[in-house]
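Novice: Take a look at run27.cif, mmCIF, C-alpha atoms:
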```
data_coords
loop_
_atom_site.group_PDB
_atom_site.id
_atom_site.type_symbol
_atom_site.label_atom_id
_atom_site.label_comp_id
_atom_site.auth_asym_id
_atom_site.auth_seq_id
_atom_site.Cartn_x
_atom_site.Cartn_y
_atom_site.Cartn_z
ATOM 1 C CA MET A 1 83.743 86.384 96.485
ATOM 2 C CA ASP A 2 85.708 85.481 93.340
ATOM 3 C CA ILE A 3 84.734 88.843 91.861
ATOM 4 C CA LEU A 4 85.980 90.546 95.028
ATOM 5 C CA LEU A 5 89.343 88.768 94.877
ATOM 6 C CA ASN A 6 89.991 88.919 91.154
ATOM 7 C CA VAL A 7 88.411 92.223 90.177
ATOM 8 C CA VAL A 8 87.293 94.510 93.014
ATOM 9 C CA LEU A 9 90.362 94.070 95.229
ATOM 10 C CA PRO A 10 93.106 94.822 92.658
ATOM 11 C CA LEU A 11 90.948 97.506 90.995
ATOM 12 C CA SER A 12 90.366 99.185 94.358
ATOM 13 C CA LEU A 13 94.077 99.257 95.120
ATOM 14 C CA ALA A 14 94.818 100.635 91.654
ATOM 15 C CA ILE A 15 92.275 103.436 92.213
ATOM 16 C CA ILE A 16 93.781 104.198 95.630
ATOM 17 C CA MET A 17 97.264 104.435 94.110
ATOM 18 C CA LEU A 18 95.924 106.514 91.198
ATOM 19 C CA SER A 19 94.417 108.918 93.733
ATOM 20 C CA LEU A 20 97.880 109.198 95.270
ATOM 21 C CA GLY A 21 99.473 109.840 91.881
ATOM 22 C CA VAL A 22 97.122 112.639 90.796
ATOM 23 C CA GLY A 23 98.076 114.490 93.962
ATOM 24 C CA LEU A 24 101.770 114.376 93.071
ATOM 25 C CA THR A 25 103.981 116.569 90.946
ATOM 26 C CA PHE A 26 107.517 115.988 89.744
ATOM 27 C CA ALA A 27 108.535 118.589 92.339
ATOM 28 C CA ASP A 28 107.485 116.133 95.056
ATOM 29 C CA PHE A 29 110.154 113.721 93.849
ATOM 30 C CA ALA A 30 112.755 116.478 93.427
ATOM 31 C CA ARG A 31 112.094 117.533 97.023
ATOM 32 C CA VAL A 32 113.836 114.346 98.141
ATOM 33 C CA LEU A 33 117.124 115.850 96.981
ATOM 34 C CA ARG A 34 116.482 119.095 98.868
ATOM 35 C CA THR A 35 115.721 117.386 102.192
ATOM 36 C CA PRO A 36 117.954 114.294 102.013
ATOM 37 C CA LYS A 37 118.357 113.847 105.769
ATOM 38 C CA ALA A 38 114.659 113.799 106.594
ATOM 39 C CA PHE A 39 113.891 111.587 103.620
ATOM 40 C CA ALA A 40 116.697 109.137 104.444
ATOM 41 C CA ILE A 41 115.464 108.809 108.047
ATOM 42 C CA GLY A 42 111.865 108.311 106.962
ATOM 43 C CA ALA A 43 112.741 105.795 104.245
ATOM 44 C CA THR A 44 115.002 103.841 106.597
ATOM 45 C CA ALA A 45 112.253 103.736 109.220
ATOM 46 C CA GLN A 46 109.726 102.431 106.693
ATOM 47 C CA ILE A 47 111.812 100.006 104.668
ATOM 48 C CA ILE A 48 114.113 98.585 107.367
ATOM 49 C CA LEU A 49 113.020 99.478 110.887
ATOM 50 C CA LEU A 50 109.318 98.790 110.404
ATOM 51 C CA PRO A 51 109.732 95.128 109.286
ATOM 52 C CA VAL A 52 112.305 94.511 112.045
ATOM 53 C CA VAL A 53 109.941 95.806 114.745
ATOM 54 C CA THR A 54 107.061 93.835 113.231
ATOM 55 C CA TYR A 55 109.128 90.637 113.285
ATOM 56 C CA ALA A 56 109.890 91.224 116.963
ATOM 57 C CA ILE A 57 106.174 91.695 117.720
ATOM 58 C CA VAL A 58 105.293 88.514 115.812
ATOM 59 C CA VAL A 59 107.833 86.496 117.793
ATOM 60 C CA THR A 60 106.893 88.082 121.126
ATOM 61 C CA PHE A 61 103.182 87.311 120.717
ATOM 62 C CA GLY A 62 103.822 83.838 119.297
ATOM 63 C CA LEU A 63 101.517 84.313 116.317
ATOM 64 C CA GLY A 64 100.594 81.421 114.031
ATOM 65 C CA PRO A 65 102.259 81.021 110.612
ATOM 66 C CA GLU A 66 99.599 82.588 108.343
ATOM 67 C CA ILE A 67 98.872 85.436 110.763
ATOM 68 C CA ALA A 68 102.628 86.045 111.127
ATOM 69 C CA VAL A 69 103.007 86.264 107.356
ATOM 70 C CA GLY A 70 100.078 88.707 107.289
ATOM 71 C CA PHE A 71 101.834 90.916 109.852
ATOM 72 C CA MET A 72 105.007 90.918 107.782
ATOM 73 C CA LEU A 73 103.142 91.699 104.546
ATOM 74 C CA LEU A 74 101.570 94.682 106.287
ATOM 75 C CA SER A 75 105.008 95.896 107.384
ATOM 76 C CA PHE A 76 106.254 95.947 103.791
ATOM 77 C CA CYS A 77 103.487 98.311 102.661
ATOM 78 C CA PRO A 78 104.106 102.076 102.370
ATOM 79 C CA GLY A 79 101.800 104.608 103.980
ATOM 80 C CA GLY A 80 99.560 105.526 101.069
ATOM 81 C CA VAL A 81 97.195 108.480 100.927
ATOM 82 C CA THR A 82 96.054 107.831 104.514
ATOM 83 C CA SER A 83 99.447 108.760 105.953
ATOM 84 C CA ASN A 84 99.410 112.007 103.956
ATOM 85 C CA MET A 85 95.998 112.869 105.379
ATOM 86 C CA ILE A 86 97.031 112.097 108.961
ATOM 87 C CA ALA A 87 100.279 114.056 108.526
ATOM 88 C CA ARG A 88 98.186 117.040 107.466
ATOM 89 C CA LEU A 89 95.867 116.640 110.467
ATOM 90 C CA SER A 90 98.947 116.402 112.716
ATOM 91 C CA LYS A 91 100.301 119.709 111.371
ATOM 92 C CA GLY A 92 103.373 117.869 110.132
ATOM 93 C CA ASP A 93 105.492 118.403 107.040
ATOM 94 C CA VAL A 94 102.943 117.335 104.429
ATOM 95 C CA ALA A 95 105.410 117.802 101.561
ATOM 96 C CA LEU A 96 107.805 115.356 103.231
ATOM 97 C CA SER A 97 104.948 112.909 103.839
ATOM 98 C CA VAL A 98 103.907 113.036 100.182
ATOM 99 C CA SER A 99 107.496 112.618 98.977
ATOM 100 C CA LEU A 100 108.103 109.633 101.263
ATOM 101 C CA THR A 101 104.858 107.951 100.260
ATOM 102 C CA ALA A 102 105.527 108.486 96.563
ATOM 103 C CA VAL A 103 109.107 107.245 96.483
ATOM 104 C CA VAL A 104 108.599 104.297 98.856
ATOM 105 C CA SER A 105 105.499 103.265 96.882
ATOM 106 C CA LEU A 106 107.546 103.198 93.689
ATOM 107 C CA LEU A 107 110.352 101.293 95.425
ATOM 108 C CA SER A 108 107.857 98.675 96.591
ATOM 109 C CA ILE A 109 108.158 96.905 93.245
ATOM 110 C CA LEU A 110 111.688 95.955 94.338
ATOM 111 C CA THR A 111 111.284 95.470 98.083
ATOM 112 C CA VAL A 112 107.865 93.860 98.499
ATOM 113 C CA PRO A 113 108.175 90.739 96.276
ATOM 114 C CA ILE A 114 111.531 89.661 97.733
ATOM 115 C CA LEU A 115 110.587 90.278 101.366
ATOM 116 C CA ALA A 116 107.132 88.737 100.936
ATOM 117 C CA ALA A 117 108.573 85.560 99.420
ATOM 118 C CA TRP A 118 111.064 85.287 102.290
ATOM 119 C CA SER A 119 108.352 85.747 104.921
ATOM 120 C CA VAL A 120 106.138 83.018 103.473
ATOM 121 C CA VAL A 121 108.959 80.462 103.466
ATOM 122 C CA HIS A 122 110.314 81.535 106.855
ATOM 123 C CA PHE A 123 107.034 81.298 108.762
ATOM 124 C CA MET A 124 105.145 78.593 106.864
ATOM 125 C CA GLY A 125 107.957 76.185 105.972
ATOM 126 C CA ASP A 126 106.754 73.137 104.044
ATOM 127 C CA ALA A 127 103.182 74.464 104.102
ATOM 128 C CA ALA A 128 104.200 77.618 102.245
ATOM 129 C CA PRO A 129 102.496 78.230 98.891
ATOM 130 C CA ASP A 130 104.748 78.728 95.889
ATOM 131 C CA VAL A 131 105.542 82.421 95.493
ATOM 132 C CA SER A 132 106.970 83.689 92.232
ATOM 133 C CA VAL A 133 109.044 86.787 92.976
ATOM 134 C CA THR A 134 108.852 87.810 89.328
ATOM 135 C CA GLY A 135 105.106 87.258 89.150
ATOM 136 C CA LEU A 136 104.563 89.178 92.381
ATOM 137 C CA ALA A 137 106.773 92.014 91.122
ATOM 138 C CA ILE A 138 104.712 92.248 87.926
ATOM 139 C CA SER A 139 101.489 92.323 89.944
ATOM 140 C CA VAL A 140 102.855 95.037 92.258
ATOM 141 C CA PHE A 141 103.938 97.064 89.233
ATOM 142 C CA ILE A 142 100.513 96.816 87.584
ATOM 143 C CA ILE A 143 98.378 97.617 90.632
ATOM 144 C CA VAL A 144 100.732 99.903 92.598
ATOM 145 C CA THR A 145 103.547 101.469 90.581
ATOM 146 C CA LEU A 146 101.790 101.957 87.246
ATOM 147 C CA PRO A 147 98.703 103.749 88.673
ATOM 148 C CA VAL A 148 100.979 106.142 90.603
ATOM 149 C CA LEU A 149 102.962 106.923 87.457
ATOM 150 C CA ILE A 150 99.761 107.428 85.442
ATOM 151 C CA GLY A 151 98.444 109.757 88.130
ATOM 152 C CA VAL A 152 101.646 111.803 88.119
ATOM 153 C CA LEU A 153 101.485 112.124 84.329
ATOM 154 C CA ILE A 154 97.833 113.200 84.486
ATOM 155 C CA ARG A 155 98.749 115.837 87.070
ATOM 156 C CA HIS A 156 101.646 117.044 84.892
ATOM 157 C CA PHE A 157 99.854 117.214 81.546
ATOM 158 C CA ALA A 158 96.299 117.955 82.711
ATOM 159 C CA ALA A 159 96.692 119.681 86.070
ATOM 160 C CA ASN A 160 93.213 121.222 86.182
ATOM 161 C CA PHE A 161 91.572 117.878 85.403
ATOM 162 C CA ALA A 162 93.699 116.154 88.056
ATOM 163 C CA ILE A 163 92.739 118.735 90.665
ATOM 164 C CA ARG A 164 89.046 118.257 89.836
ATOM 165 C CA ILE A 165 89.059 114.462 90.044
ATOM 166 C CA GLU A 166 91.362 114.133 93.065
ATOM 167 C CA PRO A 167 88.606 114.649 95.710
ATOM 168 C CA PHE A 168 86.333 112.149 93.929
ATOM 169 C CA LEU A 169 89.092 109.551 93.668
ATOM 170 C CA SER A 170 89.967 110.011 97.342
ATOM 171 C CA ARG A 171 86.351 109.468 98.431
ATOM 172 C CA LEU A 172 85.999 106.480 96.102
ATOM 173 C CA ALA A 173 89.248 105.014 97.428
ATOM 174 C CA THR A 174 87.974 105.382 101.015
ATOM 175 C CA LEU A 175 84.674 103.682 100.178
ATOM 176 C CA LEU A 176 86.416 100.802 98.405
ATOM 177 C CA PHE A 177 88.804 100.386 101.331
ATOM 178 C CA ILE A 178 85.879 100.060 103.759
ATOM 179 C CA ILE A 179 84.255 97.437 101.529
ATOM 180 C CA ILE A 180 87.507 95.459 101.339
ATOM 181 C CA VAL A 181 88.066 95.504 105.100
ATOM 182 C CA VAL A 182 84.487 94.445 105.865
ATOM 183 C CA ALA A 183 84.712 91.653 103.278
ATOM 184 C CA ALA A 184 88.054 90.471 104.672
ATOM 185 C CA LEU A 185 86.640 90.230 108.192
ATOM 186 C CA ALA A 186 83.349 88.653 107.098
ATOM 187 C CA ALA A 187 85.067 85.993 104.988
ATOM 188 C CA ASN A 188 87.382 85.048 107.846
ATOM 189 C CA TRP A 189 85.118 85.647 110.848
ATOM 190 C CA ASP A 190 85.855 82.328 112.554
ATOM 191 C CA VAL A 191 89.607 82.767 112.136
ATOM 192 C CA PHE A 192 89.317 86.387 113.257
ATOM 193 C CA THR A 193 87.434 85.575 116.460
ATOM 194 C CA ALA A 194 89.744 82.648 117.218
ATOM 195 C CA ASN A 195 92.795 84.910 116.978
ATOM 196 C CA LEU A 196 91.249 88.089 118.372
ATOM 197 C CA GLY A 197 92.820 87.619 121.790
ATOM 198 C CA THR A 198 96.325 87.909 120.352
ATOM 199 C CA LEU A 199 95.654 89.621 117.011
ATOM 200 C CA GLY A 200 94.079 92.772 118.466
ATOM 201 C CA PRO A 201 96.648 93.438 121.231
ATOM 202 C CA ALA A 202 99.552 92.621 118.907
ATOM 203 C CA LEU A 203 98.332 95.084 116.275
ATOM 204 C CA ILE A 204 97.661 97.807 118.852
ATOM 205 C CA VAL A 205 101.121 97.375 120.362
ATOM 206 C CA LEU A 206 102.698 97.311 116.896
ATOM 207 C CA ASN A 207 100.959 100.513 115.839
ATOM 208 C CA ALA A 208 101.784 102.402 119.037
ATOM 209 C CA VAL A 209 105.409 101.222 119.071
ATOM 210 C CA LEU A 210 105.929 102.219 115.436
ATOM 211 C CA LEU A 211 104.502 105.698 116.007
ATOM 212 C CA LEU A 212 106.755 106.182 119.037
ATOM 213 C CA ILE A 213 109.876 104.735 117.394
ATOM 214 C CA GLY A 214 109.425 106.873 114.288
ATOM 215 C CA LEU A 215 109.079 109.969 116.455
ATOM 216 C CA GLY A 216 111.971 109.042 118.746
ATOM 217 C CA LEU A 217 114.311 108.275 115.855
ATOM 218 C CA ALA A 218 113.557 111.572 114.145
ATOM 219 C CA LEU A 219 114.043 113.601 117.326
ATOM 220 C CA ALA A 220 117.227 111.713 118.231
ATOM 221 C CA LEU A 221 118.645 112.668 114.834
ATOM 222 C CA ALA A 222 117.707 116.321 115.375
ATOM 223 C CA LEU A 223 114.937 116.719 112.834
ATOM 224 C CA PRO A 224 112.564 119.684 113.296
ATOM 225 C CA TRP A 225 109.329 118.946 115.167
ATOM 226 C CA ASP A 226 107.078 119.090 112.084
ATOM 227 C CA GLN A 227 109.301 116.589 110.259
ATOM 228 C CA ALA A 228 109.550 114.369 113.348
ATOM 229 C CA LYS A 229 105.749 114.192 113.500
ATOM 230 C CA THR A 230 105.670 113.248 109.843
ATOM 231 C CA ILE A 231 108.240 110.463 110.288
ATOM 232 C CA SER A 232 106.137 109.129 113.163
ATOM 233 C CA VAL A 233 103.007 109.044 111.016
ATOM 234 C CA GLU A 234 104.773 107.547 107.997
ATOM 235 C CA THR A 235 106.245 104.788 110.171
ATOM 236 C CA GLY A 236 103.008 103.905 111.938
ATOM 237 C CA ILE A 237 100.405 104.221 109.159
ATOM 238 C CA GLN A 238 100.384 101.513 106.476
ATOM 239 C CA ASN A 239 98.548 100.898 103.217
ATOM 240 C CA ALA A 240 96.297 98.136 104.549
ATOM 241 C CA THR A 241 94.641 97.634 101.162
ATOM 242 C CA LEU A 242 97.989 96.659 99.668
ATOM 243 C CA GLY A 243 98.516 94.202 102.533
ATOM 244 C CA ILE A 244 95.146 92.558 101.857
ATOM 245 C CA THR A 245 95.875 92.426 98.125
ATOM 246 C CA LEU A 246 99.298 90.856 98.662
ATOM 247 C CA ALA A 247 97.731 88.237 100.930
ATOM 248 C CA ALA A 248 95.195 87.380 98.228
ATOM 249 C CA LEU A 249 97.891 87.140 95.544
ATOM 250 C CA ILE A 250 100.142 84.924 97.663
ATOM 251 C CA SER A 251 97.537 82.595 99.166
ATOM 252 C CA GLY A 252 95.946 81.827 95.814
ATOM 253 C CA GLN A 253 92.700 80.804 97.517
ATOM 254 C CA ALA A 254 89.920 80.165 95.033
ATOM 255 C CA GLU A 255 87.270 81.255 97.544
ATOM 256 C CA GLY A 256 87.470 83.842 100.282
ATOM 257 C CA LEU A 257 90.329 85.875 101.611
ATOM 258 C CA SER A 258 93.027 84.008 103.515
ATOM 259 C CA ALA A 259 94.015 84.438 107.152
ATOM 260 C CA MET A 260 97.052 86.332 105.848
ATOM 261 C CA ALA A 261 94.710 89.222 105.047
ATOM 262 C CA LEU A 262 93.380 89.566 108.597
ATOM 263 C CA PRO A 263 96.248 91.619 110.110
ATOM 264 C CA SER A 264 95.960 94.218 107.333
ATOM 265 C CA GLY A 265 92.162 94.271 107.538
ATOM 266 C CA VAL A 266 92.111 94.792 111.306
ATOM 267 C CA TYR A 267 95.063 97.205 111.239
ATOM 268 C CA GLY A 268 93.227 99.294 108.663
ATOM 269 C CA ILE A 269 90.623 100.006 111.349
ATOM 270 C CA LEU A 270 92.751 100.070 114.499
ATOM 271 C CA MET A 271 95.391 102.452 113.133
ATOM 272 C CA TYR A 272 92.901 105.319 113.143
ATOM 273 C CA ILE A 273 91.976 104.605 116.767
ATOM 274 C CA VAL A 274 95.591 104.248 117.929
ATOM 275 C CA ALA A 275 96.747 107.270 115.934
ATOM 276 C CA ALA A 276 93.956 109.541 117.261
ATOM 277 C CA PRO A 277 95.667 110.504 120.567
ATOM 278 C CA PHE A 278 98.951 111.047 118.723
ATOM 279 C CA VAL A 279 97.209 113.373 116.258
ATOM 280 C CA ALA A 280 95.586 115.265 119.143
ATOM 281 C CA TRP A 281 99.003 115.617 120.814
ATOM 282 C CA PHE A 282 100.740 116.638 117.592
ATOM 283 C CA ARG A 283 98.120 119.299 116.837
ATOM 284 C CA ARG A 284 98.629 120.928 120.255
ATOM 285 C CA ALA A 285 102.422 120.683 120.343
#
```
Would you write the structure of this file as structure tokens?
Specialist:
Amino acid sequence: MDILLNVVLPLSLAIIMLSLGVGLTFADFARVLRTPKAFAIGATAQIILLPVVTYAIVVTFGLGPEIAVGFMLLSFCPGGVTSNMIARLSKGDVALSVSLTAVVSLLSILTVPILAAWSVVHFMGDAAPDVSVTGLAISVFIIVTLPVLIGVLIRHFAANFAIRIEPFLSRLATLLFIIIVVAALAANWDVFTANLGTLGPALIVLNAVLLLIGLGLALALALPWDQAKTISVETGIQNATLGITLAALISGQAEGLSAMALPSGVYGILMYIVAAPFVAWFRRA
């Protein structure tokens, strides 16, 4: 389990973020300036609205301290490559999805450490582990930001190589994600079953509400239908691997993954199930 926590988990996340980076070009970042309204709405939904809604769900369901922190950690995570894939399946604006994922992932080095440290203190009080914002920021940079930047540079300077390895990296990232989720559930099976009655419904409600709020916000602000679908997906689909990794970094457990990792682990499975009817609707509409 120590190897999983200290090696496999951060390496898996780095590979997942590298797979995101090799699919990006500098034009994806420049696109933000060409579609500022859609990007601003999507970024606001992810960075501000998503944590606020998650906090409301945590309070409504009366979740325990560690589980509550896990929910909040999940809400701070950007969509990742999964949201890009689901946006494509939904016939949304894939370019917007990629741009949002890229920029919000890079911004996570600033947002995640501060918000994560606040969540731990707020929900756990005196039982909260010490969280170094600087140390967490360095970790996020190494396993999230840096791999994305390396991937972008590979795509820019060796485009043909990047195109060849992108499918392999995507499949490898998917396999590693499955291993992480299974390990997270297996290591915390007693905690998982004890909290299943509230954990499952809370995550399902959270996912469905986020998808609907993202869509409603985009339509209310008069975005085109393809962009509205994309905002919905980007708001409701999170990088669960990052959530599990953050939980491991913060808990500092020598053995096994902490209960903080459970919401991300379960969400990583449920989000596909909850998103399926939305994707079916989006493809027809």
Novice: Enter the distance from atom CA of Trp189 of chain A to atom CA of Ser264 of chain A, in Å, rounded to one decimal.
Specialist: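 These two atoms are separated by 14.3 Å.
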Novice: Name the residues that the PyMOL selection byres ((chain A and resi 101-107) around 8) pulls out of this structure, and write them as a VMD selection string.
Specialist: chain A and resid 20 to 21 24 29 43 47 77 to 81 83 to 84 97 to 100 108 to 111 144 to 145 148 234
Novice: For Arg155 of chain A, which of A:Leu11, A:Ile142, A:Val133, A:Leu18 is the closest residue, counting only C-alpha atoms?
Specialist: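 So, comparing all the options, the nearest one is A:Leu18.
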Novice: With 4 Å added on each side, what axis-aligned box encloses every listed atom of segment 103-115 of chain A? Give the centre and edge lengths in Å to one decimal, as lines of an AutoDock Vina configuration file.
Specialist:
```
center_x = 108.6
center_y = 98.5
center_z = 97.3
size_x = 14.2
size_y = 25.6
size_z = 16.1
```
Novice: Could you give me, as a PyMOL selection string, the residues that have an atom at most 10 Å away from the point (92.9, 108.5, 92.7) in the coordinates of the file, using only C-alpha atoms?
Specialist: chain A and resi 12-23+81+147-148+151+162+165-173
Novice: Next, dump the selected residues to file, keeping only C-alpha atoms, as a tab-separated table (two decimals), in the coordinates of the input.
Specialist:
```tsv
chain	number	residue	atom	x	y	z
A	12	SER	CA	90.37	99.18	94.36
A	13	LEU	CA	94.08	99.26	95.12
A	14	ALA	CA	94.82	100.64	91.65
A	15	ILE	CA	92.28	103.44	92.21
A	16	ILE	CA	93.78	104.20	95.63
A	17	MET	CA	97.26	104.44	94.11
A	18	LEU	CA	95.92	106.51	91.20
A	19	SER	CA	94.42	108.92	93.73
A	20	LEU	CA	97.88	109.20	95.27
A	21	GLY	CA	99.47	109.84	91.88
A	22	VAL	CA	97.12	112.64	90.80
A	23	GLY	CA	98.08	114.49	93.96
A	81	VAL	CA	97.20	108.48	100.93
A	147	PRO	CA	98.70	103.75	88.67
A	148	VAL	CA	100.98	106.14	90.60
A	151	GLY	CA	98.44	109.76	88.13
A	162	ALA	CA	93.70	116.15	88.06
A	165	ILE	CA	89.06	114.46	90.04
A	166	GLU	CA	91.36	114.13	93.06
A	167	PRO	CA	88.61	114.65	95.71
A	168	PHE	CA	86.33	112.15	93.93
A	169	LEU	CA	89.09	109.55	93.67
A	170	SER	CA	89.97	110.01	97.34
A	171	ARG	CA	86.35	109.47	98.43
A	172	LEU	CA	86.00	106.48	96.10
A	173	ALA	CA	89.25	105.01	97.43
```
Novice: Check the smallest atom-to-atom distance from each of A:Ala183, A:Leu203, A:Ile250, A:Leu63 to Val121 of chain A using all atoms listed in the file, then report the winner.
Specialist: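 Smallest separation from Val121 of chain A among the options: A:Ile250.
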Novice: Residues picked by the PyMOL selection byres ((chain A and resi 282) around 12) here, as a ChimeraX atom specification?
Specialist: /A:86-93,211,215,225-230,232-233,275-281,283-285
Novice: So, with only C-alpha atoms as the atoms that count, which of A:Leu242, A:Val32, A:Val205, A:Val59 lies closest to Val112 of chain A?
Specialist: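 Smallest distance to Val112 of chain A is found for A:Leu242.
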Novice: Using Å and a single decimal, report how far atom CA of Val191 of chain A sits from atom CA of Thr60 of chain A.
Specialist: 20.2 Å
Novice: Can you pull out every residue within 7 Å of Gly214 of chain A, counting only C-alpha atoms, but drop anything in the same chain fewer than 3 positions away, and send it as a VMD selection string?
Specialist: chain A and resid 45 210 to 211 217 to 218 231 to 232 235
Novice: Of the candidates A:Ser251, A:Thr245, A:Ser75, A:Ser258, which one gets nearest to Ile143 of chain A if we count all atoms listed in the file?
Specialist: A:Thr245
Novice: Quick one: of A:Gly236, A:Gly197, A:Pro51, A:Pro224, who's nearest to Val209 of chain A, counting only C-alpha atoms?
Specialist: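 Nearest candidate to Val209 of chain A out of A:Gly236, A:Gly197, A:Pro51, A:Pro224: A:Gly236.
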Novice: Rounded to one decimal, what separation in Å do you get between atom CA of Thr25 of chain A and atom CA of His156 of chain A?
Specialist: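 Distance reported for this atom pair: 6.5 Å.
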Novice: Would you kindly translate the PyMOL selection byres ((chain A and resi 116) around 9) into the concrete residues it picks from this file, as a ChimeraX atom specification?
Specialist: /A:69,72-73,76,111-115,117-121,131,133,136,246,250
Novice: Using only C-alpha atoms, which residue out of A:Ala38, A:Leu212, A:Ile150, A:Val94 lies closest to Thr82 of chain A?
Specialist: A:Val94
